[in-house]
Structure formats: structure tokens, C-alpha cells
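K.L.:
Handing you a structure now.
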Amino acid sequence: MTASTKSVSPATIPLNEQDLQEQRWLERLVGPEWARLIKGVLTNPLSVTGLVIILGFILIAAFAPIIVPPPNATWDTTLIPRDGFGPEPKAPGSEWVRNAPGEIPFWYTPLTGREEWVHLWGTASGQYDIFYGVIWGSRTALMIGGIVVLSSAIIGIFVGSLAGYYGGWVDEILMRVVEVFIAFPFLVGALILASILVPKLGRSIWPASIALIVFGWTGYARLLRGDILATKERDYVQAAQAAGANDFHLILRHILPNAIFPTLVVLSLDMGAIVLSFAALSFLGIGVQEGYTDWGQIVSFARSYIFSLDRYWFIIVYPGLALLLYGLGWNLVGDALRDILDPKLRGKR
Amino acid sequence: MTAYIIRRLLILPVIMIGVTMLIFAMMQFLGPVERSALYIRDFPKTQGQIDAVIRRYGLDDPFLVQYWHWLVGKEDPETGELLGGILRGDLGFSRTGREPVIDLLKRRLPVTAELALVSMLPIVVIGIWLGMQAALHHNEPIDQGARVFAILGYSFPTFVFGLLVLLIFYAKLNWFPPGRLSTQFSLEVTRPGFENYTRFLTLDALLNLRFDIFMDALRHMVLPVVTLSYLSWALLLKVTRSSMLEALRQDYVTTARAKGLSERVVTNRHVRKNALIPVATIAGSTVASLFNGVVITETIFDIPGLGSAAAAAALSLDVMTMLAYALFTAFLFVSVNLLVDVMYAVLDPRVRLG
């Protein structure tokens with residue numbers, strides 16, 4: 001067995017003309033590495049499941065006004081409508097008297113067999129409707145994930161590129177700074193910063209988001225630095241440098257595109273993990289105000305009923321399931337990406 | 001290798017200075033009134049009192065001056081008494097705990113340590129054992145099952161998982177209650193007849209020859225331990241499985257099999273040792289996830305440890321308690337990571353040379 005036949009497994013060789021055409025078309029469009037990535041994700045049943053889950057959440061977020069419309073046109077949709085102020089949670093199916101959604105959507109009567117709005121998934125204490133919170137909560141989740149992960153990634157990529165490319169004392173200082181932030185367990189650091197930011201910024205998504213960014217960028221910086229160290233010694237980079245390319249051009253055009261792939265794995269895993277951390281902070285009572293459409297905030301109502309959870313199971317189960325599925329979706333995609341990108345596993349599946 | 005270890009040891013103080021500065025910088029977001037809890041036990045009420053406190057303790061001094069006072073303490077200009085100074089062990093006064101922070105740490109640390117140490121057992125046993133079994137039976141039902149279990153483990157938010165197991169095993173089945181002890185025993189362990197040798201409830205119960213208390217304490221620990229450890233052993237399982245799979249494909253394994261060695265000998269002598277090296281790398285992240293986890297787990301299960309103290313402190317902006325927890329976890333975490341790095345260098349010659 002020669003070296004060349006060993007590194008190319010039968011699975012990656014297109015079997016017929018049609019497959020070959022397809023692969024070439026994709027390769028021309030996005031390049032060979034991306035083509036392999038996209039093809040891998042779309043052919044692995046686990047990552048397809050993950051993509052379907054994520055797509056489901058995106059659709060729910062996009063069509064939230066049709067699934068459960070706000071009580072009136074001027075309603076702040078990030079606030080869960082409350083049916084009164086009573087402390088006792090109401091069971092699923094109980095009547096919705098005050099602040100019911102303004103209209104009955106087309107799917108409602110055929111699926112539930114009712115003419116009026118009821119609390120489909122019950123209410124939490126304070127009569128916040130759980131169904132509304134979970135549906136509109138998907139918007140919060142996607143938004144938080146997007147804001148926090150993108151910001152952390154941009155900061156991390158910037159710092160990691162500087163450290164990896166310039167090396168020397170720049171690297172030494174930046175990496176010590178990174179180590180200081182990494183010295184805090186992620187949630188502990190975020191918890192402290194978020195709680196200190198609450199009196200400054202007021203109760204909103206921002207204290208927790210900022211805290212998650214401040215303690216979240218370091219992972220990207222460290223990962224990318226290592227990959228850039230490996231990439232910058234490659235021949236084509238040296239060639240571009242010899243041809244007179246400036247640093248900025250070199251990093252952006254030649255090094256980053258080839259060093260970014262492991263970062264994608266973390267990006268995908270973080271899209272789920274960050275939302276779970278944000279929910280954990282909400283659960284502890286740090287961050288968003290009571291009644292915000294956030295899954296963790298809804299679950300936090302269950303803390304008052306630790307001894308009678310069997311009666312109020314719906315406060316945990318519905319938003320909890322949303323959180324689990326959301327995290328699962330991104331983890332399935334992230335795991336598949338990691339398997340595709342791991343050179344040790346290449347062609348061995 | 002000695003040079004490598006010395007280099008790592010020299011970085012430790014640099015990191016700790018950075019950590020304390022970061023903590024102190026975060027504190028500057030707060031007004032002088034909240035920060036005065038470093039030195040006094042009550043919030044000043046009137047504007048005159050506030051001004052007096054600020055002047056007295058130099059809470060409007062430049063950042064570095066205040067930082068220095070925070071480290072070594074500040075002399076009270078009137079009485080000449082030295083106050084504060086984290087290096088002297090004075091971490092201020094905990095508003096939520098109603099006692100000096102250092103006392104709170106001392107009292108609550110054993111509770112958390114016991115929980116974390118007991119949690120290590122399922123993490124290591126289930127994580128590594130199941131990971132190895134999954135790799136040895138690649139793509140068989142046990143492998144598929146282990147993978148589903150693992151991916152659920154790191155997709156489950158700890159607080160949702162904790163509440164769900166409480167819902168099922170306490171509210172529905174009444175097998176495992178929350179808290180640390182049943183009411184009839186919780187008074188007894190504070191009475192004179194019960195010696196607190198180690199402050200670990202389970203060990204103390206055994207040393208006092210009270211097996212009923214021991215069993216009761218164990219029964220209360222089941223759910224928190226499961227909740228706290230699930231995430232960690234899911235990660236460990238994943239890492240063990242993939243590094244084991246990789247080791248199984250190595251040429252020396254093929255050679256060992258070709259020699260005619262039995263599969264058991266191949267696994268035990270050639271595969272396992274090499275497969276477990278990468279597992280050591282995630283020991284650090286396991287410790288971190290335990291620290292993250294106890295905040296949530298202790299809050300849900302009403303366990304009077306450090307984690308629940310930190311969560312309660314964060315809610316009512318009790319800065320001194322929070323910062324003490326941050327300082328403590330950061331110090332422990334940095335030390336563990338250092339230990340892991342050194343161990344790794346001992347285990348794997350490639351690290352030393354690289």
C-alpha cells in the first residue's frame with residue numbers, strides 16, 4: 001500500500017459521473033475545503049438532524065407573530081403577556097382571560113379544537129403565558145447567540161491573528177491577558193460581571209450578553225493563534241510575502257481563510273452553549289427582567305416550587321425542552337464539523 | 001523538563017496578579033458605597049456618612065493606590081487599625097452571609113468540596129469506562145447508546161436537568177429529597193455528641209459510627225452528584241472514545257495483534273495507556289465545569305455550599321462574597337491547570353520536546 005492510496009479513502013472518490021459533476025460544481029463555487037465541509041454536513045444523518053432542528057427554531061422565530069400573535073399592535077413582543085397577577089401557576093388548557101392574543105391564527109382551531117385562546121402550556125406564577133414565552137423565546141435565543149458569538153469571535157479572531165502572526169512580545173503579552181481571563185471558570189466570571197453590570201445598565205439582555213462576550217472571546221483567540229502559527233509557515237504564505245504583500249493583505253487573504261476551519265467548529269458549538277449559559281444566568285435571576293421572553297427566565301419560576309414540581313411540571317418541561325433541543329441542534333452540527341475537519345479521522349468513517 | 005516546569009511556575013504569579021487586577025477592575029463599575037463593604041459592615045445611610053466613609057478609606061484614590069490597599073490592607077486614619085487586605089486573609093464582610101467572608105469560605109468550602117469529590121467518582125468511572133467500551137465496540141449498540149447519552153449530557157442545561165431529576169425522583173417518586181440531611185438528623189449533627197472531624201458529612205457520620213446518618217447523607221447526595229457530574233462525564237466519555245479509537249488504529253496495535261497477542265492483552269498493554277494521555281488534557285475543563293456547575297446545582301438542591309453562596313451574593317449584589325468566590329475558583333483553577341500541564345509533560349515526551 002503506497003502513501004497516496006492510503007490517504008484517499010474510497011468514500012471520498014466520486015463513484016460515477018453524476019457525483020463527479022456535482023462535486024466539481026460545488027468546488028468551483030466555494031473551493032475544495034468548503035465543498036468537503038458542506039458535503040460532509042449534508043450527508044451525515046446526525047448533522048442533518050441538527051440542521052433541521054436549527055431550521056425549525058429559525059422558522060418558529062420568523063413566524064412567531066403568526067403562531068401566537070401579541071395581544072395588540074403596540075405590544076412589546078419581548079414581554080410575555082400576563083393574565084392577571086395571581087401567584088398560583090395555571091395548568092395547561094385553562095382559560096385565557098386578560099391580554100389574550102389579539103386574533104385566532106388559522107392553525108389554532110383545527111389543531112386545538114377550540115374557538116378561544118387558552119393557555120396551551122399553562123402559566124407561570126404571575127400568570128405569564130408559557131406558550132407565548134417559549135415561541136417568542138426562540139427569537140431571544142437566536143439573537144443572543146448571534147450577538148454574543150459574533151462579537152466574541154470577532155474580538156478573538158482579531159487578537160488571535162495579531163498574536164499568531166506577529167509572535168514575540170506581542171504574542172507573549174496577549175496570551176498572558178488571555179490566560180488571566182481563562183483563569184475564571186466561564187460561568188463564574190460571567191455571573192459576577194453580569195451582576196455588577198445590572199445596576200449600571202438596568203435589567204435587559206445587555207448585562208449578561210456583555211459578560212458572556214468579555215469571558216467568551218478568549219477561546220477563539222487561543223485556538224486561532226495556534227492555527228495561524230501553523231499556517232504562516234506554509235510555502236504559499238512565504239511566496240505571497242516575498243511578492244511584497246503587506247501584513248493586512250497577508251492575514252486576511254492568505255492566512256485566515258486557511259486557518260479558520262477549527263474556529264468554525266467552536267462557533268457552531270458556542271451558538272448553542274452561549275444560549276444555555278445565558279439561560280443559566282437568567283435562571284439565577286441575573287440579567288433580563290421578570291416576564292422577558294427568555295427560556296431560562298421562564299424556568300426560573302420553578303425555583304419557588306421545588307417541593308411541588310409534580311403539580312407544576314409544565315413550567316420546566318416546555319421551556320426546558322426548547323433549551324435542550326436548541327443546544328442539541330448546534331452540538332450535532334458542531335460535532336459533525338469537527339469529525340469532518342479532524343485530519344486524523346479523514347477517510348476513516 | 002525541569003526548565004518547562006520552572007517556566008510554568010514563574011508564570012503563575014503573573015497570572016494571579018492579572019486575575020486580582022481584573023477582579024478589582026470589575027469592582028470599579030460599582031460606586032464607592034458598595035465597595036465600602038470591604039471595610040465596614042453596614043451600608044452608610046446619609047450623604048454625610050457616605051462622604052466620611054469615602055474619605056476614611058480612600059475610595060476615591062487612584063486605581064493603583066486602591067488596588068494596593070485592597071491587597072495589603074488600609075490603615076484606619078483614626079484608630080490606626082489595619083483593615084482589609086486580601087493577602088492578610090481579610091476579604092471584607094459578606095452581606096448575605098452576615099459574617100466575614102473568610103469565615104463563610106471556611107464553613108462552606110467542605111460542603112462544596114465533598115460534593116465535588118464524590119462527583120469525581122461517576123465522572124471518572126462512567127466517563128472513562130464507558131468511553132473505552134464504546135470504542136472497543138465501535139458502531140455497536142453500546143457505542144451508539146453511549147454517544148446519544150453523551151451528546152444529551154452536554155446539550156442539557158444543568159438547571160433544566162437538575163429540576164427534571166427533582167421532578168421525577170423527588171416530587172413523583174420521593175426517592176431522593178433535596179437538601180443535605182433529613183430534618184431529624186440535621187439538628188443532631190450540630191449537637192455536642194457528634195464530632196466534626198473532617199467537616200465532610202459522610203465521613204464524619206462514619207467516624208461517629210452513625211451509619212443511619214451516613215446513609216441519609218448519601219441519599220441526599222445522589223441527585224446533586226448526578227446533576228453536577230453528567231456534563232463532565234459526557235465530555236470525558238467523548239474524549240476517551242475518540243482517543244481510544246485513534247489508538248486502536250495505530251500500527252503498533254496491528255503489530256501486537258499480528259504477534260498473536262490476545263485482544264485483552266493488546267487493549268490493556270498497548271492501547272489503553274496511550275489512549276488515556278489526551279484524557280488528561282480535559283481534567284482542567286472538568287474542574288472548571290464543576291465550579292460552574294456547583295453554582296447552579298447547589299442553588300437547585302438547596303445545599304449550603306460555596307456555589308449557592310455565590311449565586312445568592314450575585315442576586316443581591318454582595319460584592320465581597322462574589323469576589324471571594326471568583327478569587328478562590330481562579331486560584332484553584334490556575335493551580336489545577338498548572339498541575340495538569342506538568343503531569344502531561346511527564347506523561348507525554350512529545351510535549352517536553354515541543
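Naming scheme: A, B, ... for chains in displayed order of the C-alpha cells; residues 1 onward per chain; ligands 1 onward as shown.
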Find the nearest atom pair between each residue of chain A and chain B for residues within 7 Å, count only C-alpha atoms, give distances in Å to one decimal, sort rows by chain and ascending number, and present the table as a Markdown table.

P.N.:
```
| residue | atom | partner | partner_atom | distance |
| --- | --- | --- | --- | --- |
| A:Arg176 | CA | B:Ile15 | CA | 7.0 |
| A:Glu179 | CA | B:Ile15 | CA | 6.9 |
| A:Val180 | CA | B:Val19 | CA | 5.4 |
| A:Ala183 | CA | B:Ala330 | CA | 5.1 |
| A:Phe184 | CA | B:Ala330 | CA | 4.9 |
| A:Pro185 | CA | B:Ala288 | CA | 5.1 |
| A:Leu187 | CA | B:Asn292 | CA | 5.4 |
| A:Val188 | CA | B:Asn292 | CA | 5.9 |
| A:Gly189 | CA | B:Ala326 | CA | 6.9 |
| A:Ile192 | CA | B:Ala314 | CA | 6.4 |
| A:Leu193 | CA | B:Met26 | CA | 6.7 |
| A:Ser195 | CA | B:Ala314 | CA | 5.6 |
| A:Ile196 | CA | B:Phe29 | CA | 6.9 |
| A:Leu276 | CA | B:Pro157 | CA | 5.9 |
| A:Ala280 | CA | B:Phe159 | CA | 6.8 |
| A:Leu284 | CA | B:Ala311 | CA | 6.8 |
| A:Gly285 | CA | B:Leu315 | CA | 6.5 |
| A:Ile286 | CA | B:Leu315 | CA | 6.5 |
| A:Phe307 | CA | B:Ala171 | CA | 6.5 |
| A:Ser308 | CA | B:Ala171 | CA | 6.1 |
| A:Leu309 | CA | B:Leu167 | CA | 5.3 |
| A:Asp310 | CA | B:Ala171 | CA | 5.3 |
| A:Ile316 | CA | B:Val160 | CA | 6.9 |
| A:Gly320 | CA | B:Val160 | CA | 5.6 |
| A:Leu324 | CA | B:Phe156 | CA | 5.2 |
| A:Gly327 | CA | B:Ser155 | CA | 4.9 |
| A:Leu328 | CA | B:Ser155 | CA | 5.1 |
| A:Asn331 | CA | B:Ser155 | CA | 7.0 |
```

K.L.:
Quick one: residues within 12 Å of Leu264 in chain A, only C-alpha atoms, excluding same-chain residues fewer than 2 positions away - as a PyMOL selection string?

P.N.:
chain A and resi 34+37+149-150+153+157+220+223-224+256-262+266-271+330+333-338+340-341

K.L.:
If we count only C-alpha atoms and set the cut-off at 12 Å, which residues sit around range 70-76 of chain A, ignoring sequence neighbours fewer than 3 positions away in its own chain? Please answer as a list in words.

P.N.:
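These residues fall inside the cut-off: Ala64, Pro65, Ile66, Ile67, Leu79, Ile80, Pro81, Arg82, Asp83, Trp96, Val97, Arg98, Asn99, Ala100, Pro101, Gly102, Glu103, Ile104, Pro105, Trp117, Asp129, Phe131, Tyr132, Gly133, Ile135, Trp136, Gly291, Tyr292 and Thr293 of chain A.
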
K.L.:
Work out how far CA of Asp227 in chain A is from CA of Thr2 in chain B, in Å to one decimal.

P.N.:
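Separation between CA of Thr2 in chain B and CA of Asp227 in chain A: 27.4 Å.
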
K.L.:
Let me make sure I understand: among B:Val253, B:Glu188, B:Leu218, B:Leu248, which one has the smallest atom-to-atom distance to Met132 in chain B if we use only C-alpha atoms?

P.N.:
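Result for the nearest residue to Met132 in chain B: B:Leu248.
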
K.L.:
Just give me the gap between CA of Gly31 in chain A and CA of Gly146 in chain A in Å, one decimal is fine.

P.N.:
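A separation of 25.7 Å between them.
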
K.L.:
Give me the residues within 9 Å of Asp294 in chain A as a PyMOL selection string, counting only C-alpha atoms and dropping any in the same chain fewer than 2 places off.

P.N.:
chain A and resi 78+133-134+136-141+279+282+288+291-292+296-299+319

K.L.:
Which residue is closest to Leu212 in chain A? Choose from A:Gly168, A:Gly244, A:Gly226, A:Gly287 and count only C-alpha atoms.

P.N.:
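Distance minimum relative to Leu212 in chain A lands on A:Gly287.
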
K.L.:
Would you work out the distance separating CA of Ser151 in chain A from CA of Ile213 in chain A, expressed in Å to one decimal?

P.N.:
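Between these atoms lies a distance of 6.7 Å.
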
K.L.:
Among range 125-297 of chain A, which ones does DSSP place in helix (DSSP H, G or I), written as JSON, numbers by chain?

P.N.:
{"A": [130, 131, 132, 133, 134, 135, 136, 137, 138, 139, 140, 141, 142, 143, 144, 145, 146, 147, 148, 149, 150, 151, 152, 153, 154, 155, 156, 157, 158, 159, 160, 161, 162, 163, 164, 165, 166, 168, 169, 170, 171, 172, 173, 174, 175, 176, 177, 178, 179, 180, 181, 182, 186, 187, 188, 189, 190, 191, 192, 193, 194, 195, 196, 197, 198, 199, 200, 201, 206, 207, 208, 209, 210, 211, 212, 213, 214, 217, 218, 219, 220, 221, 222, 223, 224, 225, 226, 227, 228, 229, 230, 231, 235, 236, 237, 238, 239, 240, 241, 242, 247, 248, 249, 250, 251, 252, 253, 254, 255, 256, 257, 258, 259, 261, 262, 263, 264, 265, 266, 267, 268, 269, 270, 271, 272, 273, 274, 275, 276, 277, 278, 279, 280, 281, 282, 283, 284, 295, 296, 297]}

K.L.:
Restrict the selected residues to C-alpha atoms and save them as a short mmCIF file (atom, residue, chain, number, x, y, z; two decimals), in the first residue's frame.

P.N.:
```cif
data_model
loop_
_atom_site.label_atom_id
_atom_site.label_comp_id
_atom_site.auth_asym_id
_atom_site.auth_seq_id
_atom_site.Cartn_x
_atom_site.Cartn_y
_atom_site.Cartn_z
CA ILE A 130 -45.62 29.78 28.85
CA PHE A 131 -46.55 29.03 25.23
CA TYR A 132 -46.02 32.66 24.22
CA GLY A 133 -42.74 32.77 26.16
CA VAL A 134 -41.33 29.64 24.54
CA ILE A 135 -42.33 30.59 20.99
CA TRP A 136 -41.07 34.19 21.17
CA GLY A 137 -38.13 32.97 23.25
CA SER A 138 -36.67 31.40 20.11
CA ARG A 139 -36.15 34.97 18.84
CA THR A 140 -34.28 35.87 22.02
CA ALA A 141 -32.17 32.71 21.79
CA LEU A 142 -31.14 33.24 18.17
CA MET A 143 -30.46 36.91 18.78
CA ILE A 144 -28.37 36.34 21.92
CA GLY A 145 -26.47 33.52 20.22
CA GLY A 146 -25.80 35.71 17.19
CA ILE A 147 -24.74 38.84 19.08
CA VAL A 148 -22.55 37.12 21.66
CA VAL A 149 -20.92 34.54 19.40
CA LEU A 150 -20.23 37.01 16.58
CA SER A 151 -18.78 39.64 18.93
CA SER A 152 -16.64 37.12 20.80
CA ALA A 153 -15.45 35.58 17.54
CA ILE A 154 -14.53 38.95 16.02
CA ILE A 155 -12.57 40.03 19.10
CA GLY A 156 -10.98 36.59 19.41
CA ILE A 157 -10.05 36.38 15.74
CA PHE A 158 -8.53 39.86 15.87
CA VAL A 159 -6.45 39.16 18.97
CA GLY A 160 -5.55 35.64 17.85
CA SER A 161 -4.38 36.86 14.43
CA LEU A 162 -2.19 39.56 15.96
CA ALA A 163 -0.63 37.17 18.45
CA GLY A 164 -0.12 34.33 15.99
CA TYR A 165 1.14 36.42 13.12
CA TYR A 166 3.50 38.80 14.92
CA GLY A 168 7.38 37.65 20.01
CA TRP A 169 6.41 40.06 22.76
CA VAL A 170 3.04 40.88 21.16
CA ASP A 171 2.16 37.20 21.42
CA GLU A 172 3.58 36.94 24.93
CA ILE A 173 1.52 39.86 26.29
CA LEU A 174 -1.71 38.98 24.51
CA MET A 175 -1.53 35.37 25.59
CA ARG A 176 -0.93 36.33 29.24
CA VAL A 177 -4.04 38.55 29.04
CA VAL A 178 -5.95 35.61 27.59
CA GLU A 179 -4.74 33.38 30.41
CA VAL A 180 -5.98 35.87 33.00
CA PHE A 181 -9.49 35.68 31.55
CA ILE A 182 -9.32 31.91 31.20
CA PHE A 186 -16.64 30.76 32.35
CA LEU A 187 -19.98 30.89 34.12
CA VAL A 188 -18.48 32.16 37.38
CA GLY A 189 -16.78 35.09 35.65
CA ALA A 190 -19.86 35.92 33.61
CA LEU A 191 -22.10 35.68 36.68
CA ILE A 192 -20.00 38.18 38.60
CA LEU A 193 -19.57 40.68 35.78
CA ALA A 194 -23.25 40.46 34.79
CA SER A 195 -24.43 41.08 38.34
CA ILE A 196 -22.13 44.09 38.64
CA LEU A 197 -23.38 45.43 35.28
CA VAL A 198 -27.08 45.11 36.18
CA PRO A 199 -27.23 48.27 38.33
CA LYS A 200 -25.28 50.17 35.64
CA LEU A 201 -27.24 49.08 32.58
CA TRP A 206 -27.18 43.51 27.81
CA PRO A 207 -25.56 42.81 31.21
CA ALA A 208 -25.48 39.06 30.64
CA SER A 209 -24.57 39.40 26.94
CA ILE A 210 -21.65 41.72 27.62
CA ALA A 211 -20.43 39.48 30.43
CA LEU A 212 -20.58 36.43 28.15
CA ILE A 213 -18.60 38.30 25.47
CA VAL A 214 -15.96 39.53 27.94
CA TRP A 217 -13.60 35.72 23.28
CA THR A 218 -10.51 34.06 24.77
CA GLY A 219 -11.33 30.61 23.41
CA TYR A 220 -11.30 31.92 19.83
CA ALA A 221 -8.09 33.88 20.35
CA ARG A 222 -6.21 30.89 21.70
CA LEU A 223 -7.47 28.49 19.06
CA LEU A 224 -6.86 30.79 16.12
CA ARG A 225 -3.40 31.79 17.34
CA GLY A 226 -2.29 28.17 17.21
CA ASP A 227 -3.75 27.60 13.75
CA ILE A 228 -2.14 30.78 12.43
CA LEU A 229 1.23 29.77 13.83
CA ALA A 230 0.94 26.59 11.79
CA THR A 231 -0.39 28.28 8.66
CA ASP A 235 5.01 27.96 1.25
CA TYR A 236 2.21 29.95 -0.36
CA VAL A 237 2.27 32.43 2.52
CA GLN A 238 6.03 32.81 2.22
CA ALA A 239 5.60 33.24 -1.53
CA ALA A 240 2.98 35.97 -1.09
CA GLN A 241 5.24 37.66 1.43
CA ALA A 242 8.18 37.52 -0.97
CA ASP A 247 0.67 42.22 6.61
CA PHE A 248 -3.00 43.10 6.43
CA HIS A 249 -3.45 41.55 3.00
CA LEU A 250 -1.42 38.51 4.01
CA ILE A 251 -3.50 37.80 7.12
CA LEU A 252 -6.86 38.49 5.56
CA ARG A 253 -6.39 36.84 2.16
CA HIS A 254 -3.90 34.05 2.69
CA ILE A 255 -3.67 33.02 6.32
CA LEU A 256 -7.13 33.48 7.84
CA PRO A 257 -9.10 31.64 5.13
CA ASN A 258 -6.88 28.60 5.64
CA ALA A 259 -6.65 28.75 9.42
CA PHE A 261 -11.77 25.97 9.93
CA PRO A 262 -11.24 24.76 13.53
CA THR A 263 -12.79 28.06 14.66
CA LEU A 264 -15.97 27.15 12.77
CA VAL A 265 -16.41 24.09 14.98
CA VAL A 266 -16.24 26.20 18.13
CA LEU A 267 -18.52 28.79 16.55
CA SER A 268 -21.19 26.20 15.96
CA LEU A 269 -20.88 24.61 19.40
CA ASP A 270 -20.94 28.08 21.00
CA MET A 271 -24.15 29.10 19.23
CA GLY A 272 -25.80 26.51 21.46
CA ALA A 273 -23.63 26.74 24.56
CA ILE A 274 -23.83 30.53 24.88
CA VAL A 275 -27.62 30.46 24.86
CA LEU A 276 -27.57 27.79 27.56
CA SER A 277 -25.19 29.94 29.65
CA PHE A 278 -27.37 32.99 29.13
CA ALA A 279 -30.38 30.94 30.23
CA ALA A 280 -28.46 29.76 33.28
CA LEU A 281 -27.78 33.38 34.28
CA SER A 282 -31.46 34.23 33.74
CA PHE A 283 -32.37 31.20 35.83
CA LEU A 284 -30.24 32.52 38.69
CA TRP A 295 -36.43 30.30 28.24
CA GLY A 296 -34.18 30.41 31.30
CA GLN A 297 -36.24 33.19 32.82
#
```

K.L.:
Name the residues of range 27-181 of chain A that fall into strand (DSSP E) according to DSSP on the backbone, using the chain letters and numbers of this document, as a PyMOL selection string.

P.N.:
chain A and resi 94-95+118-119+123-124+128-129
